[in-house]
Structures are given as structure tokens and as C-alpha cells.
file structure.csv (CSV, C-alpha atoms and all ligand atoms)
chain,number,residue,atom,x,y,z
A,526,MET,CA,-14.6,61.8,-196.0
A,527,TYR,CA,-14.2,58.3,-194.8
A,528,GLN,CA,-13.6,57.5,-191.1
A,529,HIS,CA,-11.0,54.8,-191.2
A,530,PRO,CA,-11.0,52.1,-188.5
A,531,THR,CA,-7.5,51.1,-187.4
A,532,GLY,CA,-7.2,47.3,-187.8
A,533,ILE,CA,-4.5,46.6,-190.4
A,534,GLY,CA,-6.8,44.4,-192.6
A,535,THR,CA,-9.4,47.2,-192.6
A,536,ARG,CA,-6.7,49.8,-193.3
A,537,LEU,CA,-5.3,47.7,-196.2
A,538,ALA,CA,-8.8,47.5,-197.7
A,539,HIS,CA,-9.8,51.2,-197.2
A,540,GLU,CA,-7.1,53.5,-196.2
A,541,THR,CA,-6.2,56.5,-198.5
A,542,ARG,CA,-9.1,55.7,-200.9
A,543,ASN,CA,-11.4,58.6,-201.5
A,544,PRO,CA,-14.2,57.4,-203.8
A,545,PHE,CA,-16.3,60.5,-203.5
A,546,ALA,CA,-13.6,62.6,-205.0
A,547,HIS,CA,-14.1,60.3,-208.1
A,548,HIS,CA,-17.8,60.2,-208.6
A,549,GLY,CA,-18.1,57.4,-206.1
A,550,PHE,CA,-15.9,55.0,-208.1
A,551,VAL,CA,-14.1,52.9,-205.5
A,552,ASN,CA,-10.5,53.2,-206.9
A,553,THR,CA,-8.6,56.3,-207.8
A,554,PRO,CA,-8.5,56.7,-211.6
A,555,ILE,CA,-5.1,56.6,-213.2
A,556,HIS,CA,-3.6,60.0,-213.8
A,557,ARG,CA,-0.9,59.8,-216.4
A,558,GLY,CA,1.0,63.0,-216.9
A,559,SER,CA,4.1,65.1,-216.8
A,560,THR,CA,3.2,68.8,-217.1
A,561,VAL,CA,0.6,70.3,-214.7
A,562,LEU,CA,-1.1,73.5,-215.8
A,563,PHE,CA,-1.9,76.4,-213.5
A,564,LYS,CA,-4.0,79.4,-214.4
A,565,THR,CA,-1.7,81.9,-212.9
A,566,LEU,CA,2.0,82.2,-212.0
A,567,ASP,CA,0.9,83.0,-208.4
A,568,GLU,CA,-1.0,79.7,-208.2
A,569,LEU,CA,2.0,77.7,-209.4
A,570,GLU,CA,4.4,79.5,-207.0
A,571,SER,CA,2.1,78.9,-204.0
A,572,ALA,CA,1.6,75.2,-205.0
A,573,MET,CA,5.4,74.7,-205.1
A,574,ARG,CA,5.6,75.9,-201.5
A,575,VAL,CA,3.2,73.3,-200.1
A,576,ASP,CA,4.3,69.9,-198.8
A,577,THR,CA,4.2,67.3,-201.7
A,578,ARG,CA,2.3,64.9,-199.5
A,579,ARG,CA,-0.7,67.1,-199.3
A,580,GLY,CA,-0.5,70.1,-201.6
A,581,PRO,CA,-1.5,70.6,-205.3
A,582,TYR,CA,0.5,68.5,-207.9
A,583,THR,CA,3.1,70.5,-209.7
A,584,TYR,CA,4.9,68.0,-212.0
A,585,GLY,CA,4.5,64.3,-212.8
A,586,LEU,CA,8.0,63.4,-211.5
A,587,ILE,CA,7.2,64.9,-208.1
A,588,GLY,CA,3.9,63.1,-207.6
A,589,ASN,CA,0.5,62.3,-209.0
A,590,PRO,CA,-2.7,61.1,-207.3
A,591,ASN,CA,-1.8,57.4,-207.7
A,592,SER,CA,1.8,57.7,-206.3
A,593,ARG,CA,0.5,59.9,-203.5
A,594,GLU,CA,-2.2,57.4,-202.6
A,595,LEU,CA,0.3,54.6,-202.5
A,596,GLU,CA,2.8,56.6,-200.4
A,597,LEU,CA,0.2,57.6,-197.9
A,598,LEU,CA,-0.9,53.9,-197.6
A,599,CYS,CA,2.7,52.7,-197.1
A,600,ALA,CA,3.3,55.4,-194.5
A,601,ASN,CA,0.1,54.6,-192.7
A,602,LEU,CA,0.8,50.8,-192.5
A,603,ASP,CA,4.3,51.3,-191.2
A,604,GLY,CA,3.4,54.2,-188.8
A,605,GLY,CA,5.8,56.6,-190.5
A,606,ALA,CA,5.7,60.3,-191.2
A,607,GLY,CA,5.9,59.8,-194.9
A,608,ALA,CA,6.9,57.5,-197.7
A,609,VAL,CA,8.6,57.8,-201.1
A,610,VAL,CA,7.7,55.4,-203.9
A,611,VAL,CA,10.3,54.6,-206.5
A,612,GLU,CA,10.6,52.5,-209.7
A,613,SER,CA,11.9,49.2,-208.1
A,614,GLY,CA,12.7,47.5,-204.8
A,615,LEU,CA,16.4,48.0,-205.6
A,616,ALA,CA,15.9,51.7,-206.1
A,617,ALA,CA,14.3,51.7,-202.6
A,618,VAL,CA,17.5,50.2,-201.3
A,619,SER,CA,19.8,52.6,-203.0
A,620,LEU,CA,17.8,55.8,-202.2
A,621,PRO,CA,18.3,55.9,-198.4
A,622,LEU,CA,22.0,55.0,-198.9
A,623,LEU,CA,22.6,57.9,-201.4
A,624,ALA,CA,20.4,60.2,-199.3
A,625,ASN,CA,22.4,59.6,-196.1
A,626,LEU,CA,26.0,58.9,-197.1
A,627,ALA,CA,28.8,61.0,-198.4
A,628,ALA,CA,32.5,60.6,-199.1
A,629,GLY,CA,34.4,59.9,-195.9
A,630,ASP,CA,31.5,58.2,-194.2
A,631,HIS,CA,31.5,54.6,-192.9
A,632,ALA,CA,28.4,52.4,-193.3
A,633,LEU,CA,27.6,49.0,-191.8
A,634,PHE,CA,25.7,46.3,-193.7
A,635,THR,CA,24.3,43.1,-192.4
A,636,ASP,CA,26.3,40.2,-193.9
A,637,SER,CA,23.0,38.5,-194.7
A,638,CYS,CA,21.7,41.2,-197.1
A,639,TYR,CA,20.1,40.8,-200.5
A,640,GLY,CA,22.7,40.2,-203.2
A,641,PRO,CA,22.4,43.5,-205.1
A,642,THR,CA,22.5,45.4,-201.8
A,643,ARG,CA,25.8,43.7,-201.2
A,644,HIS,CA,27.0,44.8,-204.6
A,645,LEU,CA,26.1,48.4,-203.7
A,646,ALA,CA,28.1,48.0,-200.4
A,647,LYS,CA,31.1,46.3,-202.0
A,648,SER,CA,31.4,48.1,-205.3
A,649,ILE,CA,29.3,51.2,-205.8
A,650,LEU,CA,29.6,53.1,-202.4
A,651,PRO,CA,33.4,52.6,-202.0
A,652,ARG,CA,33.8,54.1,-205.5
A,653,MET,CA,32.1,57.2,-204.1
A,654,GLY,CA,34.4,57.3,-201.1
A,655,VAL,CA,32.2,55.6,-198.6
A,656,GLU,CA,33.8,52.9,-196.4
A,657,THR,CA,31.6,49.9,-195.9
A,658,GLU,CA,31.8,47.0,-193.5
A,659,PHE,CA,29.8,43.8,-193.2
A,660,TYR,CA,28.6,42.8,-189.7
A,661,ASP,CA,27.4,39.5,-188.3
A,662,PRO,CA,23.5,39.6,-188.5
A,663,ARG,CA,23.4,38.1,-185.0
A,664,VAL,CA,25.5,40.9,-183.5
A,665,GLY,CA,22.6,42.5,-181.6
A,666,ALA,CA,23.7,45.3,-179.2
A,667,GLY,CA,27.3,44.3,-180.0
A,668,ILE,CA,26.9,46.4,-183.2
A,669,ALA,CA,28.4,49.3,-181.1
A,670,ARG,CA,31.8,47.6,-181.3
A,671,HIS,CA,31.7,48.4,-185.1
A,672,PHE,CA,31.0,52.1,-184.6
A,673,ARG,CA,33.6,54.6,-185.7
A,674,ALA,CA,33.6,58.3,-185.4
A,675,ASN,CA,32.4,58.5,-189.1
A,676,THR,CA,29.7,55.7,-189.0
A,677,LYS,CA,26.6,57.2,-190.5
A,678,LEU,CA,24.3,54.4,-191.4
A,679,ILE,CA,23.4,50.8,-190.6
A,680,LEU,CA,21.6,48.6,-193.1
A,681,LEU,CA,19.6,45.8,-191.6
A,682,GLU,CA,17.6,43.0,-193.2
A,683,SER,CA,15.6,40.5,-191.1
A,684,PRO,CA,15.4,37.7,-191.9
A,685,GLY,CA,18.5,37.7,-194.0
A,686,SER,CA,17.8,37.2,-197.7
A,687,LEU,CA,19.3,33.7,-198.1
A,688,THR,CA,20.5,32.6,-194.7
A,689,PHE,CA,17.5,33.7,-192.7
A,690,GLU,CA,19.0,35.0,-189.5
A,691,ILE,CA,16.6,37.2,-187.5
A,692,GLN,CA,18.3,40.4,-186.3
A,693,ASP,CA,17.8,41.9,-182.9
A,694,VAL,CA,16.3,45.1,-184.5
A,695,PRO,CA,15.5,47.0,-181.3
A,696,ALA,CA,19.0,46.4,-179.9
A,697,ILE,CA,20.7,47.6,-183.0
A,698,ALA,CA,18.3,50.6,-183.5
A,699,SER,CA,18.8,51.7,-179.9
A,700,ALA,CA,22.6,51.5,-180.1
A,701,ALA,CA,22.5,53.5,-183.3
A,702,ARG,CA,20.2,56.1,-181.9
A,703,THR,CA,22.6,56.9,-179.0
A,704,ARG,CA,25.3,57.8,-181.6
A,705,GLY,CA,22.9,59.6,-184.1
A,706,ILE,CA,23.5,56.8,-186.7
A,707,VAL,CA,20.7,56.3,-189.3
A,708,THR,CA,19.1,52.8,-189.4
A,709,ALA,CA,17.5,51.5,-192.6
A,710,ILE,CA,16.0,48.0,-192.8
A,711,ASP,CA,14.9,46.0,-195.9
A,712,ASN,CA,11.5,44.7,-194.7
A,713,THR,CA,10.5,43.0,-197.9
A,714,TRP,CA,10.0,39.5,-196.3
A,715,ALA,CA,7.7,40.6,-193.5
A,716,THR,CA,5.8,43.5,-195.0
A,717,PRO,CA,4.1,45.8,-192.5
A,718,LEU,CA,1.6,43.0,-191.8
A,719,PHE,CA,4.2,40.9,-190.0
A,720,MET,CA,6.8,43.5,-188.7
A,721,ARG,CA,6.7,47.2,-188.3
A,722,PRO,CA,10.3,48.3,-187.8
A,723,ILE,CA,9.6,51.9,-186.9
A,724,GLU,CA,7.8,50.6,-183.8
A,725,HIS,CA,11.2,49.0,-182.9
A,726,GLY,CA,13.2,52.2,-183.3
A,727,VAL,CA,14.3,52.0,-187.0
A,728,ASP,CA,14.4,55.3,-189.0
A,729,LEU,CA,13.8,54.0,-192.6
A,730,VAL,CA,11.9,51.0,-193.9
A,731,ILE,CA,12.6,49.6,-197.3
A,732,HIS,CA,10.0,47.6,-199.3
A,733,ALA,CA,10.3,45.8,-202.6
A,734,LEU,CA,6.6,46.3,-203.4
A,735,THR,CA,7.3,44.2,-206.5
A,736,LYS,CA,6.8,41.1,-204.3
A,737,TYR,CA,4.0,40.6,-201.8
A,738,GLN,CA,2.3,44.0,-202.0
A,739,SER,CA,1.7,44.0,-205.7
A,740,GLY,CA,1.4,40.2,-205.6
A,741,ASN,CA,1.1,39.3,-209.3
A,742,SER,CA,4.6,39.5,-210.8
A,743,ASP,CA,3.4,42.1,-213.3
A,744,ILE,CA,5.2,45.3,-212.0
A,745,LEU,CA,8.3,46.5,-210.2
A,746,LEU,CA,8.0,49.1,-207.5
A,747,GLY,CA,9.6,50.0,-204.2
A,748,ALA,CA,9.0,52.3,-201.3
A,749,VAL,CA,10.9,53.8,-198.4
A,750,VAL,CA,9.0,54.8,-195.3
A,751,ALA,CA,10.5,57.4,-193.0
A,752,ARG,CA,10.0,57.5,-189.3
A,753,ASP,CA,9.9,61.3,-189.0
A,754,GLU,CA,9.6,64.5,-191.0
A,755,ALA,CA,13.3,65.2,-191.3
A,756,HIS,CA,14.1,61.8,-192.7
A,757,TRP,CA,11.1,62.0,-195.1
A,758,ALA,CA,12.2,65.5,-196.4
A,759,ASN,CA,15.7,64.2,-197.0
A,760,LEU,CA,14.5,61.2,-198.9
A,761,LYS,CA,12.1,63.2,-201.0
A,762,HIS,CA,14.8,65.7,-201.8
A,763,HIS,CA,17.1,63.0,-203.0
A,764,ALA,CA,14.4,61.1,-204.9
A,765,GLU,CA,13.7,64.3,-206.9
A,766,ALA,CA,17.4,65.1,-207.4
A,767,HIS,CA,18.0,61.6,-208.8
A,768,GLY,CA,14.9,61.6,-210.9
A,769,HIS,CA,13.3,58.6,-209.2
A,770,TYR,CA,9.8,58.0,-210.4
A,771,ALA,CA,6.9,55.6,-209.9
A,772,HIS,CA,4.5,55.3,-212.9
A,773,PRO,CA,0.9,55.9,-212.0
A,774,ASP,CA,-0.3,52.7,-213.7
A,775,ASP,CA,2.1,50.7,-211.6
A,776,CYS,CA,1.1,52.5,-208.4
A,777,ALA,CA,-2.6,51.7,-209.1
A,778,THR,CA,-1.7,48.1,-209.9
A,779,CYS,CA,0.3,47.9,-206.6
A,780,LEU,CA,-2.6,49.4,-204.6
A,781,ARG,CA,-4.9,46.9,-206.1
A,782,GLY,CA,-2.6,44.1,-204.9
A,783,MET,CA,-2.2,45.7,-201.4
A,784,ARG,CA,-5.9,45.6,-200.8
A,785,SER,CA,-5.7,41.8,-200.6
A,786,LEU,CA,-2.3,41.6,-199.0
A,787,GLU,CA,-3.5,40.1,-195.7
A,788,VAL,CA,-5.4,37.2,-197.3
A,789,ARG,CA,-2.6,36.3,-199.7
A,790,LEU,CA,0.1,36.5,-197.0
A,791,ARG,CA,-1.8,34.4,-194.5
A,792,ARG,CA,-2.1,31.7,-197.2
A,793,HIS,CA,1.6,32.0,-198.1
A,794,GLU,CA,2.4,31.7,-194.4
A,795,ALA,CA,0.3,28.5,-193.9
A,796,SER,CA,1.6,26.8,-197.1
A,797,ALA,CA,5.2,27.7,-196.4
A,798,LEU,CA,5.0,26.2,-192.9
A,799,GLU,CA,3.3,23.1,-194.2
A,800,VAL,CA,6.2,22.6,-196.7
A,801,ALA,CA,8.8,23.5,-194.1
A,802,ARG,CA,7.4,20.8,-191.7
A,803,PHE,CA,7.4,18.3,-194.5
A,804,LEU,CA,11.1,19.1,-195.2
A,805,GLU,CA,12.0,18.8,-191.6
A,806,SER,CA,10.5,15.3,-191.5
A,807,ARG,CA,12.8,14.1,-194.4
A,808,ALA,CA,16.0,12.4,-193.6
A,809,GLU,CA,17.6,13.9,-196.7
A,810,VAL,CA,17.3,17.5,-195.4
A,811,ALA,CA,20.0,18.5,-192.9
A,812,ARG,CA,18.4,21.8,-191.8
A,813,VAL,CA,15.4,23.9,-192.7
A,814,LEU,CA,15.8,27.6,-192.3
A,815,HIS,CA,12.5,29.2,-191.4
A,816,PRO,CA,12.2,31.4,-188.4
A,817,ALA,CA,8.7,30.3,-187.6
A,818,LEU,CA,9.9,26.8,-186.9
A,819,PRO,CA,10.9,26.2,-183.2
A,820,SER,CA,14.1,24.5,-184.5
A,821,HIS,CA,15.3,27.8,-186.0
A,822,PRO,CA,18.1,29.3,-183.8
A,823,ASP,CA,16.4,32.8,-183.8
A,824,HIS,CA,12.8,31.5,-183.3
A,825,ALA,CA,12.5,33.3,-179.9
A,826,LEU,CA,13.5,36.7,-181.5
A,827,TRP,CA,11.1,36.1,-184.4
A,828,LYS,CA,8.3,35.4,-181.9
A,829,ARG,CA,9.1,38.5,-179.9
A,830,ASP,CA,9.1,41.0,-182.9
A,831,PHE,CA,7.0,39.5,-185.7
A,832,THR,CA,3.4,38.7,-186.0
A,833,GLY,CA,3.7,36.2,-188.9
A,834,SER,CA,6.0,34.7,-191.4
A,835,SER,CA,6.1,34.5,-195.2
A,836,LEU,CA,7.8,32.5,-197.8
A,837,VAL,CA,11.0,30.6,-198.5
A,838,VAL,CA,11.6,27.6,-196.3
A,839,ALA,CA,15.1,26.4,-197.0
A,840,SER,CA,18.1,28.2,-198.2
A,841,ASP,CA,21.0,28.4,-200.4
A,842,LEU,CA,23.9,27.3,-198.3
A,843,ARG,CA,26.8,28.3,-200.5
A,844,GLN,CA,27.4,31.8,-199.4
A,845,SER,CA,30.0,34.4,-200.0
A,846,ARG,CA,29.7,35.4,-196.4
A,847,VAL,CA,32.5,37.1,-194.4
A,848,ALA,CA,31.0,37.9,-191.0
A,849,PRO,CA,31.2,35.1,-189.9
A,850,PRO,CA,32.4,33.1,-192.9
A,851,TRP,CA,29.9,30.5,-194.1
A,852,THR,CA,31.4,27.0,-193.6
A,853,GLU,CA,28.4,24.8,-194.0
A,854,GLU,CA,28.6,22.2,-196.8
A,855,GLY,CA,25.7,20.7,-198.8
A,856,ALA,CA,23.4,21.0,-201.7
A,857,LEU,CA,21.2,24.0,-202.2
A,858,LEU,CA,17.5,24.4,-202.0
A,859,ARG,CA,15.6,27.6,-201.8
A,860,LEU,CA,11.9,27.3,-202.0
A,861,GLN,CA,9.6,30.3,-202.6
A,862,ILE,CA,6.2,28.9,-201.7
A,863,GLY,CA,3.4,30.5,-203.7
A,864,LEU,CA,-0.3,30.1,-203.8
A,865,GLU,CA,-0.4,26.6,-205.1
A,866,ASP,CA,-2.1,23.9,-203.1
A,867,PRO,CA,0.7,22.9,-200.7
A,868,ARG,CA,-0.2,19.2,-201.1
A,869,ASP,CA,0.8,19.4,-204.7
A,870,LEU,CA,4.1,21.1,-203.8
A,871,ILE,CA,4.8,18.4,-201.2
A,872,SER,CA,4.1,15.5,-203.5
A,873,ASP,CA,6.3,17.1,-206.1
A,874,LEU,CA,9.1,17.4,-203.6
A,875,ALA,CA,8.5,13.8,-202.4
A,876,GLN,CA,8.9,12.4,-205.9
A,877,ALA,CA,12.0,14.5,-206.4
A,878,PHE,CA,13.6,13.0,-203.2
A,879,ASP,CA,12.6,9.5,-204.3
A,880,ARG,CA,14.2,10.1,-207.7
A,881,ALA,CA,17.3,11.4,-206.2
A,882,ALA,CA,17.5,8.4,-203.9
A,883,ARG,CA,17.0,6.0,-206.9
A,884,ALA,CA,19.7,7.9,-208.9
A,885,ALA,CA,22.1,7.7,-205.9
A,886,SER,CA,21.5,3.9,-205.5
A,887,ASP,CA,21.9,3.3,-209.2
A,888,ALA,CA,25.2,5.2,-209.3
B,1,LIG,C1,14.9,41.5,-200.0
B,1,LIG,C2,14.8,42.1,-201.3
B,1,LIG,N1,15.0,43.5,-201.4
B,1,LIG,C3,14.9,44.1,-202.5
B,1,LIG,C4,14.6,43.5,-203.7
B,1,LIG,C5,14.6,44.3,-205.0
B,1,LIG,O1,13.4,44.4,-205.5
B,1,LIG,P1,13.2,44.7,-207.1
B,1,LIG,O2,13.3,43.4,-207.8
B,1,LIG,O3,11.8,45.3,-207.2
B,1,LIG,O4,14.3,45.6,-207.5
B,1,LIG,C6,14.4,42.1,-203.7
B,1,LIG,C7,14.1,41.4,-204.9
B,1,LIG,O5,14.1,40.2,-205.0
B,1,LIG,C8,14.4,41.4,-202.4
B,1,LIG,O6,14.2,40.1,-202.3
call {"tool": "encode", "arguments": {"input": "structure.csv", "output": "C-alpha cells", "more": "lines below"}}
Ligand SMILES: Cc1ncc(COP(=O)(O)O)c(C=O)c1O
result
Amino acid sequence: MYQHPTGIGTRLAHETRNPFAHHGFVNTPIHRGSTVLFKTLDELESAMRVDTRRGPYTYGLIGNPNSRELELLCANLDGGAGAVVVESGLAAVSLPLLANLAAGDHALFTDSCYGPTRHLAKSILPRMGVETEFYDPRVGAGIARHFRANTKLILLESPGSLTFEIQDVPAIASAARTRGIVTAIDNTWATPLFMRPIEHGVDLVIHALTKYQSGNSDILLGAVVARDEAHWANLKHHAEAHGHYAHPDDCATCLRGMRSLEVRLRRHEASALEVARFLESRAEVARVLHPALPSHPDHALWKRDFTGSSLVVASDLRQSRVAPPWTEEGALLRLQIGLEDPRDLISDLAQAFDRAARAASDA
């Protein structure tokens, strides 16, 4: 077996691979399949008693060598007890909600969450008898003021999907822990490379692997990483009960992307900052929302808890926000900075500003 060094770049490159189980070929071959055969009933029954992270495979829906490899890598990178991979990032958002909430419960959602998460909170969960409430993403330890006797879960996302507030994750997680409230965070923006929420006290970490981990816009996939055994077993139980599934081809494609995650993300980080600084230098831009810029109101929190930054440098300012209501006026600009040469992006933006200025002066 491999001896794995612990640096995250090295772990991204090597962790969970086992070439010598596959004739020395570096990557795990793709195992498509539903039914798994056993020679005897005893073998099947004993396989079904073993932990699905380690034991023999029993049915395609429950796991295959490709999904297991990806789950083990996700758990390793986040420092969790286990992970569950599912068919999309959105399924990774809904799974911990459905696994931890029941009729009569109250759940808190950051007001800055991803749009479809908001839809789950506003429309789907209330239909199932769950009371939901949005809180100010900058609430910090003040989250305790929202706790009720029936509060069961807090959903965090940092930075917020469109408005980019950085949350005080350790303060919220610690307040939740004293009351036995489950915390789940959507960590898609940071990935485990730039923020590991379990180290800050969070119970469940959600990833849309569709984005940076897979990296090529050719698959959808999600993962939830659990801090401890009990959370992992609960997630796995519900994933099976709801029929969640991650296709082995997609898992292998995602793993291929993850091996180069650090290189790509560092490039995204540098390019996004270059574009952000350009935008800050333009008189036309009132405000650039990017937590790695010293001008960002939560820059100090970002510096304390994150080890890097990724994309999106300015944001949609027309928000349907309630806690607190969004009052800012102005045009919208949300930029997802890719792997293009940042000089090309900047010159494209510069010519757009010039054209807009010409159009305004002609009008
Ligand atoms: C923050 C965040 N969470 C979750 C998702 C959902 O991912 P998917 O598109 O794989 O369902 C997205 C997708 O844009 C996202 O930006």
C-alpha cells in the first residue's frame, strides 16, 4: 500500500488511489454496475453487515469502487469521518436537510444562501412541516438569539452566494454545539483547499463538486462530508432511503479533476484578484465584493479562517434579502473568473466601460 504524505497538494494527487490493486494502472478503472454477485448467501449476508466505507460492495446504489474512492478523498481532505457523494451539488444541499429535519422542527438559514437552497427553505421544507427562518449572515455568536426549543439545524454558506458576506463560522458552530443543533455549511466557493469547516466546529460540509473539483463543466456531482460517525451513518442511511446515486463515470471524472484542483484554484485566485483590483480602480464601480480585498468589510474574518480565495469578484446587488433587507441601488455585475488570461478579461471589461460611457454621453 501507498504511504501518503499529508500536504494537501500531495493528498489531492495521491490519496485513495491504489494502483497496485489494478495491475499498476494509476487510476481506478470504472466499475459500472447494479447487481453484485456472491457465491453464497452467507457471503452476501456478512457483506451487508460491514461498513459501506470499507466492506465488500453489495449493490450499485450503495457504492462502487469509484464512488468509494471519491468519498474517501472528500472525507480525507475535509478531515471528516466519512462522506456521501450524490448526483448534484443541490442534492448535497437537500440531503443533510432531509436527514436532520422533521415536522415540528425549526431550521435557520443564512440569508445569503444559494438561490435553490433558499427555495428549499422557503417552499419545500415548510410544506413538510418544518419552520424556517433566515438570519443575517453577519450575526456571529448572536445566532443564539434565534434559537428556539425546536431549533434543529443551521445552514451556513460563507462567503454568501451573491452578496459575499463572510460568516463567523466558529462562533456560530460553537453556539449551536452548546444546544445540540446540527450545523451544515455550503463550502463550494472555498473547497477544502481554502477552508476546512470541520476544523472550525461544523458538523456537515456540503460541496457542489460540479464546480471547482470536477473543473471542466462536463458533469454534475455533490458531496456531504460528516464530522463524526453518527452524522455519517445518518447521512448514508438517508441517501440510501432516498435513492441518491453518483454514477461511477462521473465519480472517475471528478477524481481526475480533483487531482489538479490546487493548480487550477491558485490560478483562479490570482486572476480573480487581478480583475477585482482593476474593477476597484474604475470610477464606474461603486463597490467590489471580494473577501480577499482589504476593502471588503469581512476581510479580517476571511484572513483568520481561509487560506485562499476563489472566483467571482463583484456581485448582483438586486437581492430578495430579508435579514437585513437589501437596500443598495445600482446595476448588476457578477463575474466568474475562469482560466482565461486575465489581461484579456480586463481589456474586455475596459472596452465595455468605454462603450457604456460613450452610450451615456450620446444619450
Ligand atoms: C454555492 C452552490 N451550492 C450548490 C450548488 C448546486 O450545485 P449543482 O449545480 O451541482 O446542483 C451551486 C451551483 O451553482 C452553488 O453555486
call {"tool": "closest_atom_pairs", "arguments": {"input": "structure.csv", "of": "range 580-651 of chain A", "to": "range 747-752 of chain A", "cutoff": "12 Å", "atoms": "all atoms listed in the file", "output": "tab-separated table"}}
result
residue	atom	partner	partner_atom	distance
A:Ser592	CA	A:Ala748	CA	10.3
A:Arg593	CA	A:Ala748	CA	11.6
A:Leu595	CA	A:Ala748	CA	9.1
A:Glu596	CA	A:Ala748	CA	7.6
A:Leu597	CA	A:Val750	CA	9.6
A:Leu598	CA	A:Val750	CA	10.2
A:Cys599	CA	A:Val750	CA	6.9
A:Ala600	CA	A:Val750	CA	5.8
A:Asn601	CA	A:Val750	CA	9.3
A:Leu602	CA	A:Val750	CA	9.5
A:Asp603	CA	A:Val750	CA	7.2
A:Gly604	CA	A:Arg752	CA	7.4
A:Gly605	CA	A:Arg752	CA	4.5
A:Ala606	CA	A:Arg752	CA	5.5
A:Gly607	CA	A:Ala751	CA	5.5
A:Ala608	CA	A:Val750	CA	4.2
A:Val609	CA	A:Val749	CA	5.3
A:Val610	CA	A:Ala748	CA	4.2
A:Val611	CA	A:Gly747	CA	5.2
A:Glu612	CA	A:Gly747	CA	6.1
A:Ser613	CA	A:Gly747	CA	4.6
A:Gly614	CA	A:Gly747	CA	4.0
A:Leu615	CA	A:Gly747	CA	7.2
A:Ala616	CA	A:Gly747	CA	6.8
A:Ala617	CA	A:Gly747	CA	5.2
A:Val618	CA	A:Val749	CA	8.1
A:Ser619	CA	A:Val749	CA	10.1
A:Leu620	CA	A:Val749	CA	8.1
A:Pro621	CA	A:Val749	CA	7.7
A:Leu622	CA	A:Val749	CA	11.2
A:Ala624	CA	A:Val749	CA	11.5
call {"tool": "closest_residue", "arguments": {"input": "structure.csv", "among": "A:Asp728, A:Asp887, A:Glu865, A:Glu682", "to": "ligand LIG 1 (chain B)", "atoms": "all atoms listed in the file"}}
result
A:Glu682
call {"tool": "closest_residue", "arguments": {"input": "structure.csv", "among": "A:Thr541, A:Thr577, A:Asn589, A:Ser637", "to": "Val847 in chain A", "atoms": "all atoms listed in the file"}}
result
A:Ser637
call {"tool": "closest_residue", "arguments": {"input": "structure.csv", "among": "A:Lys736, A:His725, A:Arg673, A:Arg574", "to": "ligand LIG 1 (chain B)", "atoms": "all atoms listed in the file"}}
result
A:Lys736
call {"tool": "atom_distance", "arguments": {"input": "structure.csv", "atom1": "CA of Ala700 in chain A", "atom2": "CA of Val730 in chain A"}}
result
17.5 Å
call {"tool": "atom_distance", "arguments": {"input": "structure.csv", "atom1": "CA of Thr735 in chain A", "atom2": "atom O5 of ligand LIG 1 (chain B)"}}
result
8.0 Å
call {"tool": "atom_distance", "arguments": {"input": "structure.csv", "atom1": "CA of Ile587 in chain A", "atom2": "CA of His756 in chain A"}}
result
17.2 Å
call {"tool": "residues_near_point", "arguments": {"input": "structure.csv", "point": "(14.4, 29.6, -189.7)", "cutoff": "10 Å", "atoms": "all atoms listed in the file", "output": "list in words"}}
result
Pro684, Thr688, Phe689, Glu690, Ile691, Ala801, Arg812, Val813, Leu814, His815, Pro816, Ala817, Leu818, Pro819, Ser820, His821, Pro822, Asp823, His824, Trp827, Ser834, Val837, Val838, Ala839 and Ser840 of chain A
call {"tool": "closest_residue", "arguments": {"input": "structure.csv", "among": "A:Asp567, A:Asp711, A:Glu658, A:Glu594", "to": "ligand LIG 1 (chain B)", "atoms": "only C-alpha atoms and all ligand atoms"}}
result
A:Asp711
call {"tool": "closest_residue", "arguments": {"input": "structure.csv", "among": "A:Pro641, A:His793, A:Ile649, A:Leu826", "to": "Arg663 in chain A", "atoms": "all atoms listed in the file"}}
result
A:Leu826
call {"tool": "residues_near_point", "arguments": {"input": "structure.csv", "point": "(26.5, 42.6, -202.1)", "cutoff": "12 Å", "atoms": "all atoms listed in the file", "output": "PyMOL selection string"}}
result
chain A and resi 615+618+634-650+657-659+680+686+844-847
call {"tool": "residues_around", "arguments": {"input": "structure.csv", "residues": "Phe831 in chain A", "least_positions_apart": "6", "cutoff": "9 Å", "atoms": "all atoms listed in the file", "output": "list in words"}}
result
Ala715, Leu718, Phe719, Met720 and Arg721 of chain A
